[in-house]
Every structure is written in C-alpha cells, then in structure tokens.
file query.cif (mmCIF, C-alpha atoms)
data_query
loop_
_atom_site.label_atom_id
_atom_site.label_comp_id
_atom_site.auth_asym_id
_atom_site.auth_seq_id
_atom_site.Cartn_x
_atom_site.Cartn_y
_atom_site.Cartn_z
CA MET A 1 180.59 51.22 -1.85
CA LYS A 2 178.41 49.76 -4.61
CA TYR A 3 177.98 51.54 -7.93
CA ILE A 4 175.21 50.99 -10.48
CA VAL A 5 174.36 52.66 -13.79
CA LEU A 6 170.66 52.56 -14.75
CA LEU A 7 170.53 53.44 -18.43
CA GLY A 8 167.23 53.81 -20.27
CA ASP A 9 168.32 53.87 -23.89
CA GLY A 10 166.87 56.82 -25.83
CA MET A 11 164.57 58.00 -22.99
CA ALA A 12 165.22 61.69 -23.63
CA ASP A 13 163.06 63.45 -26.20
CA LEU A 14 161.59 66.78 -27.30
CA PRO A 15 158.20 68.31 -26.37
CA ILE A 16 155.41 66.49 -28.21
CA PRO A 17 152.05 68.11 -29.12
CA GLU A 18 150.23 64.83 -28.52
CA LEU A 19 151.41 65.00 -24.89
CA GLY A 20 150.34 68.61 -24.45
CA GLY A 21 153.81 69.94 -25.16
CA LYS A 22 155.47 67.63 -22.66
CA THR A 23 158.29 65.17 -23.33
CA PRO A 24 157.64 61.46 -22.68
CA LEU A 25 159.75 61.73 -19.51
CA GLN A 26 157.54 64.59 -18.30
CA ALA A 27 154.32 62.80 -19.23
CA ALA A 28 155.26 59.42 -17.74
CA ASN A 29 154.57 58.48 -14.12
CA THR A 30 158.10 58.04 -12.75
CA PRO A 31 158.08 58.26 -8.92
CA ASN A 32 161.35 56.33 -8.52
CA MET A 33 163.37 58.39 -10.97
CA ASP A 34 161.82 61.54 -9.50
CA ARG A 35 162.95 60.44 -6.04
CA LEU A 36 166.53 60.09 -7.30
CA ALA A 37 166.36 63.56 -8.84
CA HIS A 38 164.83 65.02 -5.69
CA GLU A 39 167.56 63.60 -3.47
CA GLY A 40 170.55 63.55 -5.82
CA GLU A 41 172.53 65.67 -8.27
CA ILE A 42 170.71 66.43 -11.51
CA GLY A 43 172.17 67.99 -14.64
CA LEU A 44 172.86 67.58 -18.34
CA VAL A 45 175.60 65.46 -19.88
CA LYS A 46 176.95 65.65 -23.44
CA THR A 47 177.40 62.02 -24.49
CA ILE A 48 177.92 62.70 -28.22
CA PRO A 49 181.15 64.64 -28.81
CA ASP A 50 181.21 67.20 -31.60
CA GLY A 51 182.02 65.57 -34.90
CA PHE A 52 180.49 62.17 -34.00
CA LEU A 53 177.21 60.74 -35.22
CA PRO A 54 174.68 60.21 -32.39
CA GLY A 55 174.95 56.44 -32.11
CA SER A 56 174.47 54.18 -29.11
CA ASP A 57 178.04 53.01 -29.70
CA VAL A 58 179.66 56.40 -29.14
CA ALA A 59 177.19 57.38 -26.41
CA ASN A 60 177.54 54.23 -24.30
CA LEU A 61 181.31 54.25 -24.70
CA ALA A 62 181.26 57.74 -23.20
CA VAL A 63 178.96 56.73 -20.35
CA PHE A 64 181.31 53.84 -19.55
CA GLY A 65 184.01 56.48 -19.08
CA TYR A 66 185.96 56.08 -22.34
CA ASP A 67 186.74 59.07 -24.56
CA PRO A 68 185.26 58.19 -27.98
CA ALA A 69 187.93 60.29 -29.69
CA LYS A 70 190.55 57.87 -28.31
CA TYR A 71 188.78 54.51 -28.21
CA PHE A 72 185.96 54.40 -30.77
CA THR A 73 186.83 52.38 -33.87
CA GLY A 74 183.31 51.43 -34.96
CA ARG A 75 180.17 49.77 -33.69
CA ALA A 76 180.54 46.30 -35.14
CA PRO A 77 183.82 45.31 -33.42
CA LEU A 78 182.15 46.01 -30.07
CA GLU A 79 179.31 43.69 -31.00
CA ALA A 80 181.80 41.07 -32.17
CA ALA A 81 183.26 40.92 -28.67
CA SER A 82 179.82 40.21 -27.21
CA MET A 83 179.17 37.49 -29.78
CA GLY A 84 182.48 35.76 -29.07
CA VAL A 85 183.87 36.53 -32.52
CA ASP A 86 187.62 37.11 -32.33
CA LEU A 87 188.93 39.73 -34.75
CA GLY A 88 192.36 39.44 -36.27
CA PRO A 89 194.55 42.54 -36.61
CA ASP A 90 193.43 43.09 -40.22
CA ASP A 91 189.78 42.05 -39.84
CA VAL A 92 186.99 44.59 -40.29
CA ALA A 93 183.65 43.86 -38.63
CA PHE A 94 180.37 45.16 -40.07
CA ARG A 95 176.97 45.29 -38.44
CA CYS A 96 174.59 43.25 -40.57
CA ASN A 97 170.92 44.13 -40.10
CA LEU A 98 168.11 42.03 -41.48
CA VAL A 99 165.74 44.64 -42.93
CA THR A 100 162.55 44.99 -44.95
CA ILE A 101 162.89 46.94 -48.19
CA GLU A 102 159.92 47.50 -50.51
CA ASP A 103 160.08 49.48 -53.76
CA ALA A 104 163.55 50.71 -52.73
CA VAL A 105 162.16 52.14 -49.46
CA MET A 106 163.53 51.20 -46.01
CA VAL A 107 160.22 50.00 -44.60
CA ASP A 108 161.61 48.40 -41.44
CA PHE A 109 165.21 48.42 -40.16
CA SER A 110 164.39 45.43 -37.91
CA ALA A 111 162.40 43.24 -40.34
CA GLY A 112 159.41 43.34 -37.99
CA HIS A 113 161.68 42.54 -35.03
CA ILE A 114 162.26 39.12 -36.46
CA SER A 115 162.83 36.39 -33.88
CA SER A 116 166.37 35.22 -33.19
CA GLN A 117 165.40 31.68 -34.20
CA GLU A 118 164.14 32.76 -37.63
CA ALA A 119 167.05 35.13 -38.12
CA SER A 120 169.59 32.45 -37.30
CA VAL A 121 168.27 30.29 -40.13
CA LEU A 122 168.49 33.19 -42.58
CA ILE A 123 172.01 34.27 -41.56
CA LYS A 124 173.31 30.70 -41.71
CA ASP A 125 171.90 30.32 -45.22
CA ILE A 126 173.36 33.69 -46.21
CA ASN A 127 176.74 32.61 -44.87
CA GLN A 128 176.59 29.37 -46.83
CA ALA A 129 175.71 31.18 -50.05
CA LEU A 130 177.76 34.37 -49.80
CA SER A 131 180.82 33.62 -47.66
CA ASP A 132 184.22 33.07 -49.23
CA ASP A 133 187.86 33.60 -48.30
CA ARG A 134 187.11 37.31 -47.74
CA VAL A 135 183.81 37.49 -45.87
CA CYS A 136 181.74 35.45 -43.42
CA PHE A 137 178.53 36.04 -41.45
CA HIS A 138 177.66 35.39 -37.80
CA PRO A 139 174.12 35.22 -36.35
CA GLY A 140 173.28 37.50 -33.43
CA VAL A 141 170.02 38.51 -31.74
CA SER A 142 166.79 39.35 -33.60
CA TYR A 143 167.71 41.60 -36.54
CA ARG A 144 171.24 42.40 -35.31
CA HIS A 145 174.02 40.30 -36.91
CA LEU A 146 177.65 40.51 -37.99
CA MET A 147 179.80 40.26 -41.09
CA ILE A 148 183.60 39.93 -41.00
CA TRP A 149 185.67 41.17 -43.95
CA ARG A 150 189.19 39.72 -43.69
CA LYS A 151 191.86 42.26 -44.62
CA GLY A 152 188.93 44.51 -45.37
CA GLN A 153 188.30 48.20 -45.88
CA THR A 154 187.07 50.59 -43.21
CA GLY A 155 186.62 53.39 -45.73
CA PRO A 156 183.10 52.77 -47.12
CA LEU A 157 180.57 55.41 -46.08
CA CYS A 158 177.62 53.47 -44.64
CA THR A 159 174.31 54.72 -43.24
CA PRO A 160 172.56 53.19 -40.21
CA PRO A 161 169.26 51.76 -41.47
CA HIS A 162 167.31 53.22 -38.53
CA ASP A 163 168.29 56.68 -39.80
CA ILE A 164 166.44 56.22 -43.08
CA SER A 165 163.13 54.66 -42.00
CA GLY A 166 160.51 55.31 -44.69
CA MET A 167 163.10 56.75 -47.08
CA ASN A 168 164.37 55.65 -50.49
CA ILE A 169 167.63 53.75 -50.03
CA LYS A 170 169.11 54.86 -53.37
CA ASP A 171 171.02 57.79 -51.91
CA TYR A 172 172.11 55.88 -48.79
CA LEU A 173 173.77 52.79 -50.21
CA PRO A 174 177.45 52.29 -49.27
CA CYS A 175 179.82 54.52 -51.20
CA GLN A 176 183.53 55.36 -51.44
CA LYS A 177 186.43 52.89 -51.34
CA GLY A 178 185.33 49.29 -50.73
CA ALA A 179 181.63 49.98 -51.25
CA GLU A 180 181.21 47.83 -54.36
CA LEU A 181 181.69 44.60 -52.39
CA LEU A 182 179.14 45.69 -49.80
CA LYS A 183 176.54 46.66 -52.38
CA ASP A 184 177.09 43.38 -54.22
CA LEU A 185 176.56 41.37 -51.03
CA MET A 186 173.38 43.30 -50.18
CA LEU A 187 171.97 42.74 -53.68
CA ARG A 188 172.85 39.03 -53.65
CA SER A 189 171.21 38.67 -50.24
CA GLN A 190 167.97 40.04 -51.69
CA ASN A 191 167.95 37.39 -54.40
CA LEU A 192 168.49 34.71 -51.76
CA LEU A 193 165.93 36.00 -49.25
CA LYS A 194 163.00 36.98 -51.44
CA ASP A 195 161.62 33.42 -51.70
CA HIS A 196 163.18 31.96 -48.55
CA PRO A 197 160.82 29.60 -46.62
CA VAL A 198 161.20 31.69 -43.47
CA ASN A 199 160.00 34.79 -45.32
CA ARG A 200 157.18 32.96 -47.09
CA LYS A 201 155.93 31.87 -43.68
CA ARG A 202 156.29 35.39 -42.24
CA ILE A 203 154.33 36.91 -45.12
CA LYS A 204 151.61 34.29 -44.74
CA GLN A 205 151.33 35.21 -41.04
CA GLY A 206 151.06 38.90 -41.88
CA GLU A 207 154.61 39.70 -40.74
CA ARG A 208 157.25 41.67 -42.56
CA PRO A 209 159.84 39.63 -44.46
CA ALA A 210 163.56 39.97 -43.82
CA ASN A 211 164.27 40.46 -47.50
CA SER A 212 167.72 42.08 -47.42
CA ILE A 213 170.84 42.53 -45.34
CA TRP A 214 172.12 46.05 -44.61
CA LEU A 215 175.82 46.52 -43.84
CA TRP A 216 177.10 49.41 -41.70
CA GLY A 217 178.92 50.36 -38.48
CA GLN A 218 182.28 48.93 -39.54
CA GLY A 219 185.50 49.01 -37.60
CA MET A 220 188.57 47.17 -36.38
CA ARG A 221 189.28 45.78 -32.94
CA PRO A 222 189.78 48.60 -30.38
CA SER A 223 192.45 48.72 -27.70
CA MET A 224 191.27 50.14 -24.38
CA PRO A 225 192.13 49.86 -20.67
CA THR A 226 189.91 47.73 -18.48
CA PHE A 227 187.53 49.10 -15.89
CA LYS A 228 189.76 47.58 -13.23
CA GLU A 229 192.75 49.48 -14.58
CA LYS A 230 190.81 52.74 -14.80
CA TYR A 231 188.81 52.64 -11.57
CA GLY A 232 190.06 49.69 -9.55
CA LEU A 233 186.63 48.06 -9.71
CA SER A 234 185.33 44.70 -10.91
CA GLY A 235 181.77 44.27 -12.01
CA SER A 236 179.18 43.25 -14.57
CA VAL A 237 177.26 44.48 -17.59
CA ILE A 238 173.61 43.57 -18.15
CA SER A 239 172.10 44.20 -21.59
CA ALA A 240 170.29 42.31 -24.32
CA VAL A 241 172.14 44.39 -26.91
CA ASP A 242 175.46 43.02 -28.18
CA LEU A 243 176.87 46.51 -28.61
CA VAL A 244 176.61 47.36 -24.90
CA LYS A 245 177.76 43.92 -23.80
CA GLY A 246 180.73 44.24 -26.13
CA ILE A 247 181.85 47.52 -24.57
CA GLY A 248 181.55 45.85 -21.17
CA ILE A 249 183.64 42.88 -22.31
CA TYR A 250 186.40 45.12 -23.67
CA ALA A 251 186.23 46.94 -20.31
CA GLY A 252 186.82 43.64 -18.51
CA LEU A 253 183.32 43.42 -17.05
CA THR A 254 181.38 40.16 -16.81
CA PRO A 255 178.30 39.93 -19.05
CA VAL A 256 175.25 38.62 -17.19
CA MET A 257 172.66 36.75 -19.22
CA VAL A 258 169.04 37.31 -18.16
CA PRO A 259 166.40 34.91 -19.53
CA GLY A 260 163.62 36.98 -21.07
CA ALA A 261 165.84 39.99 -21.80
CA THR A 262 164.99 40.71 -25.44
CA GLY A 263 166.27 44.21 -26.24
CA TYR A 264 162.67 45.09 -27.13
CA LEU A 265 159.45 46.31 -25.53
CA ASP A 266 158.67 42.85 -24.12
CA THR A 267 161.95 42.56 -22.19
CA ASP A 268 162.04 41.25 -18.62
CA TYR A 269 162.64 44.54 -16.83
CA ARG A 270 162.43 43.15 -13.30
CA GLY A 271 164.58 40.15 -14.20
CA LYS A 272 167.36 42.54 -15.20
CA ALA A 273 167.02 44.48 -11.96
CA LEU A 274 167.18 41.34 -9.84
CA ALA A 275 170.21 40.11 -11.79
CA ALA A 276 171.94 43.45 -11.14
CA LEU A 277 171.32 43.23 -7.40
CA LYS A 278 172.67 39.69 -7.32
CA ALA A 279 175.77 40.76 -9.25
CA LEU A 280 176.43 43.50 -6.70
CA GLU A 281 176.65 40.92 -3.92
CA ASN A 282 180.09 39.87 -5.19
CA GLY A 283 181.10 42.81 -7.39
CA SER A 284 181.28 46.56 -6.91
CA PHE A 285 179.86 47.83 -10.20
CA VAL A 286 176.96 47.04 -12.55
CA TYR A 287 176.04 48.70 -15.85
CA LEU A 288 172.35 47.92 -16.46
CA HIS A 289 171.07 48.86 -19.92
CA VAL A 290 167.44 48.72 -21.14
CA GLU A 291 166.76 49.19 -24.86
CA ALA A 292 162.95 49.48 -24.86
CA PRO A 293 162.49 53.30 -24.83
CA ASP A 294 164.85 53.61 -27.79
CA GLU A 295 162.89 51.03 -29.78
CA ALA A 296 159.65 52.94 -29.14
CA GLY A 297 161.36 56.12 -30.31
CA HIS A 298 162.44 54.45 -33.55
CA MET A 299 158.86 53.26 -34.02
CA GLY A 300 157.58 56.82 -33.59
CA ASP A 301 155.08 55.50 -31.04
CA VAL A 302 154.48 58.08 -28.30
CA GLN A 303 152.36 55.90 -26.03
CA GLU A 304 154.73 52.94 -26.27
CA LYS A 305 157.60 55.20 -25.29
CA VAL A 306 155.71 56.50 -22.26
CA ARG A 307 154.85 52.91 -21.28
CA ALA A 308 158.47 51.80 -21.70
CA ILE A 309 159.67 54.66 -19.49
CA GLU A 310 157.09 53.83 -16.84
CA ALA A 311 158.06 50.14 -16.92
CA PHE A 312 161.72 51.13 -16.58
CA ASP A 313 160.88 53.33 -13.60
CA GLU A 314 158.72 50.78 -11.80
CA LYS A 315 160.39 47.48 -12.59
CA VAL A 316 164.04 48.50 -12.93
CA VAL A 317 164.63 51.67 -10.92
CA GLY A 318 162.08 50.81 -8.22
CA THR A 319 163.29 47.23 -7.84
CA VAL A 320 166.94 48.29 -7.73
CA LEU A 321 166.34 51.06 -5.18
CA GLU A 322 164.49 48.67 -2.90
CA GLY A 323 167.18 45.99 -3.21
CA LEU A 324 170.09 48.41 -2.69
CA GLN A 325 168.97 49.00 0.88
CA ARG A 326 170.74 45.77 1.87
CA PHE A 327 174.11 47.45 1.20
CA ASP A 328 175.75 49.93 3.55
CA SER A 329 176.40 52.57 0.89
CA PHE A 330 175.79 52.94 -2.82
CA ARG A 331 175.81 55.39 -5.70
CA VAL A 332 173.43 55.37 -8.66
CA LEU A 333 173.86 56.99 -12.08
CA LEU A 334 170.55 57.36 -13.92
CA MET A 335 170.48 58.57 -17.53
CA PRO A 336 169.80 57.77 -21.18
CA ASP A 337 172.67 57.40 -23.59
CA HIS A 338 171.17 59.84 -26.12
CA PRO A 339 167.74 61.20 -27.07
CA THR A 340 165.64 59.28 -29.58
CA PRO A 341 162.98 61.88 -30.44
CA ILE A 342 159.62 60.60 -31.63
CA SER A 343 159.53 63.39 -34.23
CA ILE A 344 162.56 62.09 -36.15
CA ARG A 345 162.45 58.39 -35.15
CA THR A 346 166.21 58.20 -34.73
CA HIS A 347 168.98 59.40 -32.41
CA SER A 348 169.94 63.02 -31.86
CA SER A 349 172.92 64.75 -30.27
CA GLU A 350 171.22 66.89 -27.61
CA MET A 351 172.54 66.63 -24.07
CA CYS A 352 170.87 64.10 -21.76
CA PRO A 353 169.47 64.50 -18.24
CA TYR A 354 171.46 62.64 -15.60
CA VAL A 355 171.14 62.03 -11.88
CA ILE A 356 173.87 60.89 -9.52
CA TYR A 357 172.47 59.67 -6.22
CA ASP A 358 174.68 58.96 -3.20
CA SER A 359 173.07 57.12 -0.29
CA ARG A 360 175.42 58.91 2.13
CA LYS A 361 174.67 62.41 0.83
CA ILE A 362 170.92 62.86 0.52
CA ARG A 363 170.00 66.23 -0.97
CA GLU A 364 166.72 68.13 -1.17
CA THR A 365 166.77 69.55 -4.69
CA GLY A 366 163.02 69.70 -5.17
CA GLN A 367 163.60 68.53 -8.75
CA VAL A 368 161.93 65.78 -10.77
CA TYR A 369 163.62 63.73 -13.48
CA ASP A 370 163.17 65.16 -16.96
CA GLU A 371 164.99 67.20 -19.58
CA ILE A 372 163.64 70.56 -18.39
CA SER A 373 164.57 70.07 -14.72
CA ALA A 374 168.05 68.97 -15.76
CA ARG A 375 168.47 72.10 -17.90
CA GLN A 376 167.19 74.37 -15.12
CA SER A 377 169.81 72.98 -12.74
CA GLY A 378 172.49 74.81 -14.72
CA ARG A 379 174.85 71.86 -14.24
CA VAL A 380 176.52 70.54 -17.42
CA MET A 381 178.93 67.62 -17.74
CA ASN A 382 181.05 68.13 -20.87
CA PRO A 383 182.90 66.09 -22.06
CA GLY A 384 180.42 63.36 -21.27
CA TYR A 385 182.98 60.60 -20.70
CA GLN A 386 183.80 62.30 -17.40
CA ILE A 387 180.41 61.23 -16.01
CA MET A 388 181.88 57.92 -14.82
CA ASP A 389 184.64 59.75 -12.95
CA ARG A 390 181.88 61.83 -11.34
CA LEU A 391 180.02 58.69 -10.26
CA ILE A 392 182.98 56.75 -8.91
CA ARG A 393 185.41 59.40 -7.74
CA GLY A 394 183.05 62.28 -7.13
CA GLU A 395 185.11 64.39 -9.54
#
call {"tool": "encode", "arguments": {"input": "query.cif", "output": "structure tokens"}}
result
Amino acid sequence: MKYIVLLGDGMADLPIPELGGKTPLQAANTPNMDRLAHEGEIGLVKTIPDGFLPGSDVANLAVFGYDPAKYFTGRAPLEAASMGVDLGPDDVAFRCNLVTIEDAVMVDFSAGHISSQEASVLIKDINQALSDDRVCFHPGVSYRHLMIWRKGQTGPLCTPPHDISGMNIKDYLPCQKGAELLKDLMLRSQNLLKDHPVNRKRIKQGERPANSIWLWGQGMRPSMPTFKEKYGLSGSVISAVDLVKGIGIYAGLTPVMVPGATGYLDTDYRGKALAALKALENGSFVYLHVEAPDEAGHMGDVQEKVRAIEAFDEKVVGTVLEGLQRFDSFRVLLMPDHPTPISIRTHSSEMCPYVIYDSRKIRETGQVYDEISARQSGRVMNPGYQIMDRLIRGE
C-alpha cells in the first residue's frame, strides 16, 4: 500500500461576492479533486485545536498525525530542523521575516517576495552587525529566515506579520518578558537596512524594500516520535516551506528537494508531483505540500487563488493520480491545512474539507470537492490529528 497526502495550503475559504457567492474551491475548475470526492470519503476536519492560533505550524503538525497539545513548542524550531540548524537544550529559535514597513504600517510581510539571493545578502549583513554571544541569524528562503537566542526567553508575546497586513505595527510589537531585546534588534535592523545597496536597487526597480526584520514564532526544540515509530512507515516530505520540511524531518521523513519549487505562485507544481511519484517507488508515504493558494489568500487576490487551486488540481492532483496507477493499491488524503479567507487575508480556524480515497474501495458519493459538500456529508474528524490514523489505519 502506498500513501500520499496532497495538501493545498490555505485552499479553503468563505463565500465571496466577486465569485457570485461561491468559495474559490467552488468557483475553480477542479475535475481531479472532484473525482476523489466522488469516489472517496469526504468530510470536515478540525486542524486547529481550541486554544491555538490558526497557524500552518499547528495545522500541519495535526495533519501529520501529531497532537499539537503534546508536541507543538513553536514554529521556528521546526524551521530550524529544515535549515540544518541544531538547537541546544536552552536555545530558543525565532522566525525572522524580512518585511516592508512604511509609516509604521506593515505594508508587506514578505518584502515583495524578495528573492532568496537578495535576502541571503541582507541576513548575512544583519548577522555580522547584530549577532553577539546571545543571538545569531541564519538565512532561509525568500523572506523566511531564523534567529537563535541562546539561553533565551520563550515568553515574549509576538504577532505573525501576515496577521497585521496594512495595519499599524505599534500595538503588535513584541511585549512581555524578553521583548525589549527583540524590539531593539528590530529597530537596529531598520537602521541597517534602510540604505542597504540591495534595497536601493529594489526601490530603483520599483520593488518593495526589505527594510526591517520581524521576530515571531519562537520555541525550543520539540521531542516527538518518528513516523516509523507511530505508523511503521518510511517516506518523504516535499515542500518549499521550511516549516513543513522541518516537521517531516522531526518525524524521520526524508526531505526531497525539487528544483523550481518556490513556495510561491510560480512554483513547479508538476515537478513536485513527479518527485512524489518517484519517492513512492522506494518508500510507502509522501507528504506533498503546496503553498501557492495560501499566498494568494494573504494577498487578498481572488483570481490568483482560483488559478492556484486550478494549477494544484491539474498539475499536482492530476499528475499524481495518473502516476499512482502503476502501484497495486494506494490511499490519498486531500485537504488544506487551514482556511486562508480572502476577506481577512490571513488564516482562520474553521474546519477544512478533506477526502480520503482508497483505490481498493471506490465509492459513488456523488459529491464534489469543496467546503459545502464536505459540510453536507455530516462527517467530522475532531480532533484533527486523528486524520492520519484514518488514512493509514482506516480508523
């Protein structure tokens, strides 16, 4: 038996007037996802437990089959694992975004989706100027980077920058114990970045400057059982996002690098699908994550979100379904990790539509894949971390 998770980050949404009261999933042309829903088990799954913020960290941890209440220590330590940054027992990792702030307003949490090459230069210069015996910085992908605070504090209250797009940052700066160091580093980064050659060039080209760092998502190294220990399976994780790769690494899965996988709208969808099929030749499990729909949701761009969903359906789901026919039997879990509604441009905690398809047990549900069909099924998976048990064990 082969198992594959097809996760379209942030695909779920709310009805949108611009789409005639439909959600992007309803409006998009998705014949492959509809086929899975028509022939599989469709329902709703609660990926964000009560009391947790609706982050991709908590949601993907749940989809992987890990109870966030037991295993979630923060977003940044998961990303550190993907980046090859070893955390000591007293180290606290922080997510370090490169952002664009103008007149104290969070204009862009991604600094115009700055390239990894440009960002690497900035983070290395920040590390040279701001690091000391307490803190150091590590470059990641695009706007997503890392800061390590040795013997640091996990107590500061920090806000994800994508939650305050277009808002004044004054009321969302770090606060509580340990916050003064974080605010000082963010302010010093602004002084360093405002006239940096990389930003001067970006402004000249009509692009947004990465004129500040933003620290958030802190935590210490988690301790969790491997996927092999939980399910007796070996496998791979495919994602351009360090967070998802990091969860996979802690779970003992092998990260697969796909050239052209960007974590953005221009990602190589089909390349990811082909890499997943190849990984299944020698392994039993693949977790394939695509970030693009979530990015479109954060942008508040309805048409881009519909296009991202359609590309996911055609180039990922369609390619995978065609390639899976070479195997005797397989199960597919299709779902988002959380909604990213266009109306709020950030994550929300509503339950997500899921489909579990078993090649040996074809059903005739008559359903299509969207939020409304999933709700009408009357089937609810709560707590959400049990969805992996449902996929693998049929429980």
call {"tool": "resolve_selection", "arguments": {"input": "query.cif", "expression": "the PyMOL selection byres ((chain A and resi 139-149) around 7)", "output": "PDB file with C-alpha atoms, in the frame of the given file"}}
result
ATOM      1  CA  MET A  83     179.170  37.490 -29.780  1.00  0.00           C
ATOM      2  CA  ASP A  91     189.780  42.050 -39.840  1.00  0.00           C
ATOM      3  CA  VAL A  92     186.990  44.590 -40.290  1.00  0.00           C
ATOM      4  CA  ALA A  93     183.650  43.860 -38.630  1.00  0.00           C
ATOM      5  CA  PHE A  94     180.370  45.160 -40.070  1.00  0.00           C
ATOM      6  CA  ARG A  95     176.970  45.290 -38.440  1.00  0.00           C
ATOM      7  CA  CYS A  96     174.590  43.250 -40.570  1.00  0.00           C
ATOM      8  CA  ASN A  97     170.920  44.130 -40.100  1.00  0.00           C
ATOM      9  CA  LEU A  98     168.110  42.030 -41.480  1.00  0.00           C
ATOM     10  CA  SER A 110     164.390  45.430 -37.910  1.00  0.00           C
ATOM     11  CA  ALA A 111     162.400  43.240 -40.340  1.00  0.00           C
ATOM     12  CA  HIS A 113     161.680  42.540 -35.030  1.00  0.00           C
ATOM     13  CA  ILE A 114     162.260  39.120 -36.460  1.00  0.00           C
ATOM     14  CA  SER A 115     162.830  36.390 -33.880  1.00  0.00           C
ATOM     15  CA  SER A 116     166.370  35.220 -33.190  1.00  0.00           C
ATOM     16  CA  ALA A 119     167.050  35.130 -38.120  1.00  0.00           C
ATOM     17  CA  SER A 120     169.590  32.450 -37.300  1.00  0.00           C
ATOM     18  CA  ILE A 123     172.010  34.270 -41.560  1.00  0.00           C
ATOM     19  CA  ARG A 134     187.110  37.310 -47.740  1.00  0.00           C
ATOM     20  CA  VAL A 135     183.810  37.490 -45.870  1.00  0.00           C
ATOM     21  CA  CYS A 136     181.740  35.450 -43.420  1.00  0.00           C
ATOM     22  CA  PHE A 137     178.530  36.040 -41.450  1.00  0.00           C
ATOM     23  CA  HIS A 138     177.660  35.390 -37.800  1.00  0.00           C
ATOM     24  CA  ARG A 150     189.190  39.720 -43.690  1.00  0.00           C
ATOM     25  CA  LYS A 151     191.860  42.260 -44.620  1.00  0.00           C
ATOM     26  CA  GLY A 152     188.930  44.510 -45.370  1.00  0.00           C
TER      27      GLY A 152
END
call {"tool": "atom_distance", "arguments": {"input": "query.cif", "atom1": "CA of Thr30 (chain A)", "atom2": "CA of Cys352 (chain A)"}}
result
16.8 Å
call {"tool": "closest_residue", "arguments": {"input": "query.cif", "among": "A:Pro339, A:Gly297, A:Gly74, A:Pro259", "to": "Phe52 (chain A)", "atoms": "only C-alpha atoms"}}
result
A:Gly74
call {"tool": "atom_distance", "arguments": {"input": "query.cif", "atom1": "CA of Asn211 (chain A)", "atom2": "CA of Ile342 (chain A)"}}
result
26.1 Å
call {"tool": "residues_around", "arguments": {"input": "query.cif", "residues": "Thr226 (chain A)", "least_positions_apart": "6", "cutoff": "12 Å", "atoms": "all atoms listed in the file", "output": "list in words"}}
result
Phe64, Gly65, Tyr66, Tyr71, Gly232, Leu233, Ser234, Gly235, Ile247, Gly248, Ile249, Tyr250, Ala251, Gly252, Leu253 and Thr254 of chain A
call {"tool": "atom_distance", "arguments": {"input": "query.cif", "atom1": "CA of Ser284 (chain A)", "atom2": "CA of Ile4 (chain A)"}}
result
8.3 Å
call {"tool": "closest_residue", "arguments": {"input": "query.cif", "among": "A:Pro161, A:Gly55, A:Gly271, A:Gly178", "to": "Phe72 (chain A)", "atoms": "all atoms listed in the file"}}
result
A:Gly55
